[in-house]
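For reference, the structure is listed below as C-alpha cells.
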Amino acid sequence: MEKFVVWHDNYSVGHPLIDEQHLKLFELVNKMWKIRKESKEKRMHLFKQIEKLFHLHCRDEERILAKNGCKDIESHRHEHRKLQKQISKILDSCLEKDGGNKTWMEIMIFLMQDLLLNHLIGDDKKHQQWMSP
Ligand SMILES: [Fe+2]
C-alpha cells in the first residue's frame with residue numbers, strides 16, 4: 001500500500017493503549033491518502049472515523065495523564081480541545097454546499113502536520129514520563 005506517513009517504533013510513548021491508538025490514527029491518515037480520488041462521501045466517512053478515534057484517544061490519554069500526576073495536564077487538555085475544534089470545523093466546511101470547502105491537500109496537511117507530527121509524535125511524546133501503564 002502506498003503510504004503517506006510511516007510509523008516508527010521510536011514514536012512509542014510506552015503505553016500499549018495510547019500506542020495502539022496512535023498507530024491506528026497513522027493507518028487512518030494513510031487510508032485517507034489512499035482514497036483521495038474517491039467520492040466526497042467516502043472521504044468524509046473516513047474523516048469522521050478519525051474524529052471519533054481522536055476524541056476517544058483524548059479521553060483515554062487525559063485519564064492516564066491525570067492518574068500519573070501530570071503537572072501539565074491543563075495545557076494538554078487545551079491542545080486536545082483545540083484540535084477537536086479544528087477537526088469539527090473542517091467537517092463543517094466540507095459539508096457546506098457552496099464554497100468554504102477546504103481543499104483535499106489542506107486537510108491532508110492538517111492531519112499530517114498538526115495531528116500526527118505536532119501532536120502525536122510531538123506533544124504526546126513529550127508527556128511520555130506520565131504515560132506509564
Ligand atoms: Fe495528546
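Residue numbering restarts at 1 in every chain; chains get A, B, ... in the order shown in the C-alpha cells, and ligands count up from 1 in that same order.
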Residue neighbourhood range 88-90 of chain A, 12 Å, only C-alpha atoms, exclusion window fewer than 4 positions, as an mmCIF file with C-alpha atoms, in the first residue's frame:
data_model
loop_
_atom_site.group_PDB
_atom_site.id
_atom_site.type_symbol
_atom_site.label_atom_id
_atom_site.label_comp_id
_atom_site.auth_asym_id
_atom_site.auth_seq_id
_atom_site.Cartn_x
_atom_site.Cartn_y
_atom_site.Cartn_z
ATOM 1 C CA MET A 44 -15.959 12.314 4.835
ATOM 2 C CA PHE A 47 -12.624 11.654 8.313
ATOM 3 C CA LYS A 48 -15.469 11.120 10.808
ATOM 4 C CA ILE A 50 -10.618 9.837 12.543
ATOM 5 C CA GLU A 51 -12.643 12.372 14.551
ATOM 6 C CA LYS A 52 -14.250 9.606 16.607
ATOM 7 C CA PHE A 54 -9.238 11.148 18.197
ATOM 8 C CA HIS A 55 -11.976 12.004 20.738
ATOM 9 C CA ARG A 81 -9.837 20.757 22.598
ATOM 10 C CA LYS A 82 -8.139 22.989 20.026
ATOM 11 C CA LEU A 83 -7.521 20.042 17.668
ATOM 12 C CA GLN A 84 -11.046 18.710 18.208
ATOM 13 C CA CYS A 94 -16.680 20.155 3.888
ATOM 14 C CA LEU A 95 -20.391 19.705 4.448
ATOM 15 C CA GLU A 96 -21.214 23.210 3.231
ATOM 16 C CA GLY A 100 -15.937 27.241 2.214
ATOM 17 C CA ASN A 101 -14.567 23.863 1.240
ATOM 18 C CA LYS A 102 -11.086 23.111 2.380
ATOM 19 C CA THR A 103 -9.038 21.581 -0.370
ATOM 20 C CA TRP A 104 -8.104 17.972 -0.013
ATOM 21 C CA GLU A 106 -5.147 21.309 3.150
ATOM 22 C CA ILE A 107 -6.913 18.525 5.032
ATOM 23 C CA MET A 108 -4.025 16.126 4.466
ATOM 24 C CA PHE A 110 -3.618 19.380 8.779
ATOM 25 C CA LEU A 111 -3.684 15.649 9.531
#
Pull the closest atom pair for each residue of chain A that gets at most 9 Å from ligand 1, along with the distance in Å to one decimal, counting only C-alpha atoms and all ligand atoms, ordering rows by chain and then ascending residue number, as a tab-separated table.
residue	atom	partner	partner_atom_place_in_ligand_line	distance
A:His57	CA	ligand 1	1 (Fe)	7.6
A:Cys58	CA	ligand 1	1 (Fe)	5.9
A:Glu61	CA	ligand 1	1 (Fe)	6.3
A:Glu62	CA	ligand 1	1 (Fe)	7.6
A:His76	CA	ligand 1	1 (Fe)	6.4
A:Arg77	CA	ligand 1	1 (Fe)	7.7
A:Glu79	CA	ligand 1	1 (Fe)	7.4
A:His80	CA	ligand 1	1 (Fe)	6.2
A:His119	CA	ligand 1	1 (Fe)	6.2
A:Leu120	CA	ligand 1	1 (Fe)	6.2
A:Asp123	CA	ligand 1	1 (Fe)	6.5
A:Asp124	CA	ligand 1	1 (Fe)	4.8
A:Lys125	CA	ligand 1	1 (Fe)	8.5
A:His127	CA	ligand 1	1 (Fe)	8.3
Go through range 32-117 of chain A and collect every residue that DSSP, computed from the backbone, puts in alpha helix (DSSP H); the answer should be as a VMD selection string.
chain A and resid 32 to 34 40 to 67 73 to 95 104 to 109
Please, could you write that set of residues out with C-alpha atoms as a PDB file, in the first residue's frame?
ATOM      1  CA  MET A  32      -7.360   8.984   3.671  1.00  0.00           C
ATOM      2  CA  TRP A  33      -4.483   9.439   1.277  1.00  0.00           C
ATOM      3  CA  LYS A  34      -5.250   6.161  -0.477  1.00  0.00           C
ATOM      4  CA  LYS A  40     -16.507  13.003  -1.055  1.00  0.00           C
ATOM      5  CA  GLU A  41     -18.978  10.876   0.956  1.00  0.00           C
ATOM      6  CA  LYS A  42     -16.429   8.101   1.330  1.00  0.00           C
ATOM      7  CA  ARG A  43     -13.705  10.524   2.363  1.00  0.00           C
ATOM      8  CA  MET A  44     -15.959  12.314   4.835  1.00  0.00           C
ATOM      9  CA  HIS A  45     -16.996   8.989   6.329  1.00  0.00           C
ATOM     10  CA  LEU A  46     -13.336   8.174   6.940  1.00  0.00           C
ATOM     11  CA  PHE A  47     -12.624  11.654   8.313  1.00  0.00           C
ATOM     12  CA  LYS A  48     -15.469  11.120  10.808  1.00  0.00           C
ATOM     13  CA  GLN A  49     -13.807   7.869  11.882  1.00  0.00           C
ATOM     14  CA  ILE A  50     -10.618   9.837  12.543  1.00  0.00           C
ATOM     15  CA  GLU A  51     -12.643  12.372  14.551  1.00  0.00           C
ATOM     16  CA  LYS A  52     -14.250   9.606  16.607  1.00  0.00           C
ATOM     17  CA  LEU A  53     -10.952   7.869  17.333  1.00  0.00           C
ATOM     18  CA  PHE A  54      -9.238  11.148  18.197  1.00  0.00           C
ATOM     19  CA  HIS A  55     -11.976  12.004  20.738  1.00  0.00           C
ATOM     20  CA  LEU A  56     -11.630   8.566  22.307  1.00  0.00           C
ATOM     21  CA  HIS A  57      -7.866   8.941  22.315  1.00  0.00           C
ATOM     22  CA  CYS A  58      -8.005  12.349  24.054  1.00  0.00           C
ATOM     23  CA  ARG A  59     -10.317  10.959  26.731  1.00  0.00           C
ATOM     24  CA  ASP A  60      -8.069   7.935  27.408  1.00  0.00           C
ATOM     25  CA  GLU A  61      -4.883   9.972  27.324  1.00  0.00           C
ATOM     26  CA  GLU A  62      -6.233  12.612  29.723  1.00  0.00           C
ATOM     27  CA  ARG A  63      -7.314   9.858  32.114  1.00  0.00           C
ATOM     28  CA  ILE A  64      -3.821   8.281  32.019  1.00  0.00           C
ATOM     29  CA  LEU A  65      -2.022  11.633  32.423  1.00  0.00           C
ATOM     30  CA  ALA A  66      -4.251  12.531  35.394  1.00  0.00           C
ATOM     31  CA  LYS A  67      -3.685   9.125  37.009  1.00  0.00           C
ATOM     32  CA  ILE A  73      -2.425  18.320  32.044  1.00  0.00           C
ATOM     33  CA  GLU A  74      -4.432  21.539  31.628  1.00  0.00           C
ATOM     34  CA  SER A  75      -2.377  22.765  28.698  1.00  0.00           C
ATOM     35  CA  HIS A  76      -2.503  19.315  27.116  1.00  0.00           C
ATOM     36  CA  ARG A  77      -6.287  19.277  27.551  1.00  0.00           C
ATOM     37  CA  HIS A  78      -6.390  22.671  25.922  1.00  0.00           C
ATOM     38  CA  GLU A  79      -4.377  21.323  22.951  1.00  0.00           C
ATOM     39  CA  HIS A  80      -6.812  18.420  22.608  1.00  0.00           C
ATOM     40  CA  ARG A  81      -9.837  20.757  22.598  1.00  0.00           C
ATOM     41  CA  LYS A  82      -8.139  22.989  20.026  1.00  0.00           C
ATOM     42  CA  LEU A  83      -7.521  20.042  17.668  1.00  0.00           C
ATOM     43  CA  GLN A  84     -11.046  18.710  18.208  1.00  0.00           C
ATOM     44  CA  LYS A  85     -12.424  22.134  17.260  1.00  0.00           C
ATOM     45  CA  GLN A  86     -10.224  22.233  14.134  1.00  0.00           C
ATOM     46  CA  ILE A  87     -11.459  18.786  13.106  1.00  0.00           C
ATOM     47  CA  SER A  88     -15.116  19.712  13.522  1.00  0.00           C
ATOM     48  CA  LYS A  89     -14.514  22.988  11.656  1.00  0.00           C
ATOM     49  CA  ILE A  90     -13.041  21.046   8.721  1.00  0.00           C
ATOM     50  CA  LEU A  91     -16.041  18.714   8.737  1.00  0.00           C
ATOM     51  CA  ASP A  92     -18.473  21.658   8.813  1.00  0.00           C
ATOM     52  CA  SER A  93     -16.597  23.319   6.000  1.00  0.00           C
ATOM     53  CA  CYS A  94     -16.680  20.155   3.888  1.00  0.00           C
ATOM     54  CA  LEU A  95     -20.391  19.705   4.448  1.00  0.00           C
ATOM     55  CA  TRP A 104      -8.104  17.972  -0.013  1.00  0.00           C
ATOM     56  CA  MET A 105      -4.421  18.859   0.288  1.00  0.00           C
ATOM     57  CA  GLU A 106      -5.147  21.309   3.150  1.00  0.00           C
ATOM     58  CA  ILE A 107      -6.913  18.525   5.032  1.00  0.00           C
ATOM     59  CA  MET A 108      -4.025  16.126   4.466  1.00  0.00           C
ATOM     60  CA  ILE A 109      -1.537  18.763   5.638  1.00  0.00           C
TER      61      ILE A 109
END
